[in-house]
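Structure record follows, encoded as structure tokens.
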Amino acid sequence: MRLTLNRLIQACVVAVIIVICLYSPLSGSARNDVELHRSQSAHRRGKIKTAFLHGYRAYKTYAFPHDSLKPLSKTYRDDRSGWGLTAVDALTGAILLEIPDVVHETLDHVNSIDFDVVEGGKYAVFGTTIRYLGALLSAYDLLTTTHKRLVSDLPPAKIQTLLSQAERLGMRLAPAFSTPYGINHHTLFPNGSFENPHNDHTDITSISGLVLEFTHLSSLTGNSTYGTLAQKSMLNLLNPKPDPVSSYPGLLPKHVNITTGVFETEDLGGWSHSGGGFYEMLMKNYVYDPTGFSDYRDTWIHAADSTIKNLASHPLQRPDLTFLADFQGDKLIYRADASGMFAPANFILGGAVTGEKRFVDFGLRLLKSYVSLYEATTSGLAPDVISWIPATCTSDDVDTKPECRVPEEYATQEESGFVKKHGFWATDSRYLLRPEVLESLYYAYRITGDRKYQRISFDLATKIIHACWVESGFAELKDVNVALNQTLTEGKNDWMSSYMLSEVLMYAYIVHVEVGELMLEDGQIMKMADDGEQDDQSWHVGRKRMEWVFSTQGHPLRVKASVKS
């Protein structure tokens with residue numbers, strides 16, 4: 001009798017809870033919020049997918065099977081060995097955007113590539129790795145796991161071609177490491193000879209940027225050679241010579257001598273082009289294999305803390321903003337370029353993985369500042385390079401310290417009040433279809449769950465599409481502070497980089513692919529069921545567990561533990 005009574009009481013409690021959940025105003029409001037959000041997300045994904053197809057079809061019409069589209073002249077350029085760069089680099093984007101026709105077409109093309117035939121007679125090791133090798137490995141991972149339904153009508157051998165072609169390319173790239181310290185050369189010729197355009201030096205991004213793809217190639221093929229080569233090259237950055245290598249602990253100059261393994265201590269350093277990729281890949285390799293790359297984590301934390309302490313800089317006119325300065329010797333250089341604006345994403349990722357909230361908070365502050373660059377210009381797009389006067393300057397410093405005044409060549413930006421209002425001036429006013437801020441917005445949303453980052457991402461993507469759209473694809477802007485007519489080619493460069501599709505529009509799309517938990521407008525967290533758009537979304541950056549990691553070129557790769565399982 002007691003057991004029966006207990007069960008009756010339990011049943012009544014459950015019934016009451018169900019009634020409350022079904023009929024309370026809060027639950028109804030929450031359901032409405034979710035439905036509205038899903039509708040908005042579907043609308044935004046549709047807009048981005050339309051833009052992706054516009055760029056891809058223009059490339060396919062006027063440039064394929066060559067590398068890159070020249071959208072104004074409706075022709076092509078073979079700037080990456082002539083293997084059909086845009087098609088291959090955008091393959092993972094086509095997979096994540098769920099466009100089967102593009103996926104099938106590109107798979108046919110991949111099967112036809114002959115890596116022994118090199119247009120231009122040579123290929124850059126780093127660029128080839130992140131664009132071609134990374135794309136092939138990522139497509140293989142996606143099409144054999146989360147997105148295999150996209151190719152369910154194809155023979156398995158066609159998907160296996162992705163991996164076999166990746167291994168062929170890996171074998172072609174392997175001779176690059178034939179140096180005294182195993183540091184990879186910058187450029188290779190098909191016969192295995194090489195050249196280094198920087199006086200026998202190469203940059204740290206071109207070294208660190210090979211480890212993830214080469215290690216993953218080893219994981220998938222069972223041939224440890226590839227990972228061993230890239231990781232040996234990386235040792236020269238983990239244990240730099242001389243000691244200390246710079247005035248800022250944990251931070252490296254950008255270039256190292258390939259023959260001696262010694263850094264140029266007076267070289268430029270920082271998170272800008274050719275430098276920041278090192279710090280990015282420390283954390284991403286750790287995510288890939290926390291056991292094998294545990295020392296990468298420690299090195300990243302040291303560098304991240306040093307960056308916050310030494311390189312974080314606030315503009316004099318806008319102390320609410322935070323930018324990252326470069327350094328040269330013991331002097332800070334107050335400039336930043338768009339290619340380094342992935343830094344917020346890396347700090348957010350690093351903070352989530354290490355559990356150190358200070359890194360997430362710093363990344364979000366950086367991101368807010370980088371978004372402000374877009375809000376400042378006529379076109380709504382950020383310039384490629386900016387400079388600023390640091391808040392440490394005083395009125396007495398104007399005549400004695402060059403960094404405390406705007407150079408004469410940019411005086412018009414100061415005289416117009418632009419610098420006072422926005423805190424910076426543009427030293428390169430072009431917009432080169434850069435993806436880094438959209439990438440950072442994706443990480444911000446995935447880690448915080450705050451939907452404002454989705455809204456900002458869609459706003460920026462809409463402005464990029466509007467400003468850069470031409471009849472045959474998308475084109476770079478010559479000056480972000482000039483108002484443009486969308487239908488005109490004036491004020492635009494005849495160039496569409498492959499990362500317009502593989503990163504800009506890819507990140508702009510996937511930030512609206514929901515999975516896991518959704519933050520409601522009132523701050524509550526609701527579990528999200530599968531919205532039917534995709535079967536398995538484990539490829540997403542996760543708040544609690546990382547089953548995949550995005551390469552520097554935006555190609556998601558399964559982490560090592562996932563490959564083993």
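Scheme for the structure tokens: letters A, B, ... for chains in order shown; per-chain residue numbers from 1; ligand numbers from 1 in order shown.
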Need the shell around Ala166 (chain A): protein/DNA/RNA residues with any atom at most 8 Å away, counting only C-alpha atoms. Skip same-chain ones fewer than 5 positions apart. Format as an MDAnalysis selection string?
chainID A and resid 133 136:137 217
I need the residues of region 357-557 of chain A that end up classed as strand (DSSP E) by DSSP on the backbone, written out as JSON, numbers by chain.
{"A": [385, 386, 387, 425, 426, 427, 428, 469, 470, 473, 474, 476, 477, 492, 493, 517, 518, 519, 525, 526, 527, 548, 549, 550, 556, 557]}
Residue neighbourhood Leu97 (chain A), 8 Å, only C-alpha atoms, exclusion window fewer than 2 positions, as a ChimeraX atom specification:
/A:49,93-95,99,506,509-510
I'd like a table as a tab-separated table: residues in region 93-152 of chain A with an atom no more than 12 Å from region 273-294 of chain A, each row giving the shortest atom pair and its distance in Å to one decimal, only C-alpha atoms counted, sorted by chain and rising residue number.
residue	atom	partner	partner_atom	distance
A:Phe126	CA	A:Ser274	CA	10.9
A:Gly127	CA	A:Ser274	CA	11.9
A:Ile130	CA	A:Gly277	CA	11.6
DSSP on the backbone, then: every residue of region 244-435 of chain A marked alpha helix (DSSP H), written as a PyMOL selection string.
chain A and resi 277-288+294-306+343-354+357-376+411-415+418-422
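Interatomic distance, CA of Pro71 (chain A) to CA of Ser472 (chain A): 5.2 Å.
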For region 408-416 of chain A, list every protein, DNA or RNA residue within 9 Å, evaluated using only C-alpha atoms, and leave out those in the same chain fewer than 5 positions away; present the list as a compact mmCIF listing (two decimals) with N, CA and C atoms, in the first residue's frame.
# COMPACT_ATOMS: atom_id res chain seq x y z
N PHE A 424 41.11 56.18 -34.67
CA PHE A 424 42.13 55.60 -35.55
C PHE A 424 42.10 56.32 -36.89
N TRP A 425 43.12 56.07 -37.69
CA TRP A 425 43.09 56.49 -39.10
C TRP A 425 43.51 55.29 -39.95
N ALA A 426 43.03 55.28 -41.17
CA ALA A 426 43.32 54.19 -42.09
C ALA A 426 44.62 54.47 -42.82
N THR A 427 45.56 53.53 -42.77
CA THR A 427 46.78 53.66 -43.55
C THR A 427 46.70 52.84 -44.84
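The shortest atom-to-atom distance to Gln454 (chain A), with only C-alpha atoms taken into account, belongs to A:Gln40 out of A:Glu35, A:Leu188, A:Arg405, A:Gln40.
Using only C-alpha atoms, the residues found no farther than 9 Å from Lys560 (chain A), other than those of its own chain fewer than 3 positions away, are His216, Ser219, Tyr288, Asp289, Glu547, Trp548, Val563, Lys564 and Ser565 of chain A.
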Take the residues just selected and output them with N, CA, C and O atoms as a PDB file, in the first residue's frame.
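The file below, selection36.pdb, is the result:
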ATOM      1  N   HIS A 216      47.090  15.807 -39.004  1.00  0.00           N
ATOM      2  CA  HIS A 216      45.814  15.150 -39.307  1.00  0.00           C
ATOM      3  C   HIS A 216      45.959  14.186 -40.477  1.00  0.00           C
ATOM      4  O   HIS A 216      45.352  13.111 -40.481  1.00  0.00           O
ATOM      5  N   SER A 219      47.195  11.131 -39.012  1.00  0.00           N
ATOM      6  CA  SER A 219      46.156  10.427 -38.264  1.00  0.00           C
ATOM      7  C   SER A 219      45.241   9.633 -39.188  1.00  0.00           C
ATOM      8  O   SER A 219      44.839   8.507 -38.874  1.00  0.00           O
ATOM      9  N   TYR A 288      43.169  19.962 -30.986  1.00  0.00           N
ATOM     10  CA  TYR A 288      43.224  18.753 -31.807  1.00  0.00           C
ATOM     11  C   TYR A 288      43.723  17.547 -31.008  1.00  0.00           C
ATOM     12  O   TYR A 288      43.174  16.450 -31.121  1.00  0.00           O
ATOM     13  N   ASP A 289      44.736  17.745 -30.209  1.00  0.00           N
ATOM     14  CA  ASP A 289      45.311  16.635 -29.435  1.00  0.00           C
ATOM     15  C   ASP A 289      45.859  17.164 -28.117  1.00  0.00           C
ATOM     16  O   ASP A 289      47.044  17.503 -28.013  1.00  0.00           O
ATOM     17  N   GLU A 547      34.785  18.537 -30.586  1.00  0.00           N
ATOM     18  CA  GLU A 547      34.982  17.322 -31.355  1.00  0.00           C
ATOM     19  C   GLU A 547      35.668  17.591 -32.697  1.00  0.00           C
ATOM     20  O   GLU A 547      36.171  16.675 -33.334  1.00  0.00           O
ATOM     21  N   TRP A 548      35.647  18.855 -33.099  1.00  0.00           N
ATOM     22  CA  TRP A 548      36.295  19.291 -34.336  1.00  0.00           C
ATOM     23  C   TRP A 548      37.074  20.560 -34.026  1.00  0.00           C
ATOM     24  O   TRP A 548      36.830  21.220 -33.020  1.00  0.00           O
ATOM     25  N   VAL A 563      39.032  10.787 -34.500  1.00  0.00           N
ATOM     26  CA  VAL A 563      39.544   9.937 -35.581  1.00  0.00           C
ATOM     27  C   VAL A 563      39.786   8.530 -35.075  1.00  0.00           C
ATOM     28  O   VAL A 563      39.427   7.539 -35.717  1.00  0.00           O
ATOM     29  N   LYS A 564      40.379   8.415 -33.888  1.00  0.00           N
ATOM     30  CA  LYS A 564      40.666   7.098 -33.320  1.00  0.00           C
ATOM     31  C   LYS A 564      39.397   6.312 -33.042  1.00  0.00           C
ATOM     32  O   LYS A 564      39.328   5.108 -33.247  1.00  0.00           O
ATOM     33  N   SER A 565      38.354   7.021 -32.564  1.00  0.00           N
ATOM     34  CA  SER A 565      37.120   6.329 -32.233  1.00  0.00           C
ATOM     35  C   SER A 565      36.342   5.932 -33.477  1.00  0.00           C
ATOM     36  O   SER A 565      35.515   5.037 -33.424  1.00  0.00           O
TER      37      SER A 565
END
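Residues with any atom within 9 Å of region 59-65 of chain A, counting only C-alpha atoms and excluding same-chain neighbours fewer than 6 positions away, are Pro71, Lys74, Thr75, Tyr76, Arg77, Gly82, Trp83, Gly84, Leu85, Thr86, Ala87, His109, Ser472, Gly473 and Met496 of chain A.
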Shell around Met234 (chain A) at 8 Å using only C-alpha atoms, local window under 5 positions removed, as a count of residues only
4
Counting only C-alpha atoms, the residue among A:Lys401, A:Lys254, A:Lys368, A:Arg80 that lies closest to Asp326 (chain A) is A:Lys254
re CA of Val437 (chain A) and CA of Phe342 (chain A): distance 6.3 Å
Pairwise distance for CA of His302 (chain A) and CA of Gly355 (chain A), rounded to one decimal in Å
14.9 Å
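Among the candidates A:Pro390, A:Gly340, A:Pro190, A:Gly449, the one nearest to Arg434 (chain A) when counting only C-alpha atoms is A:Gly340.
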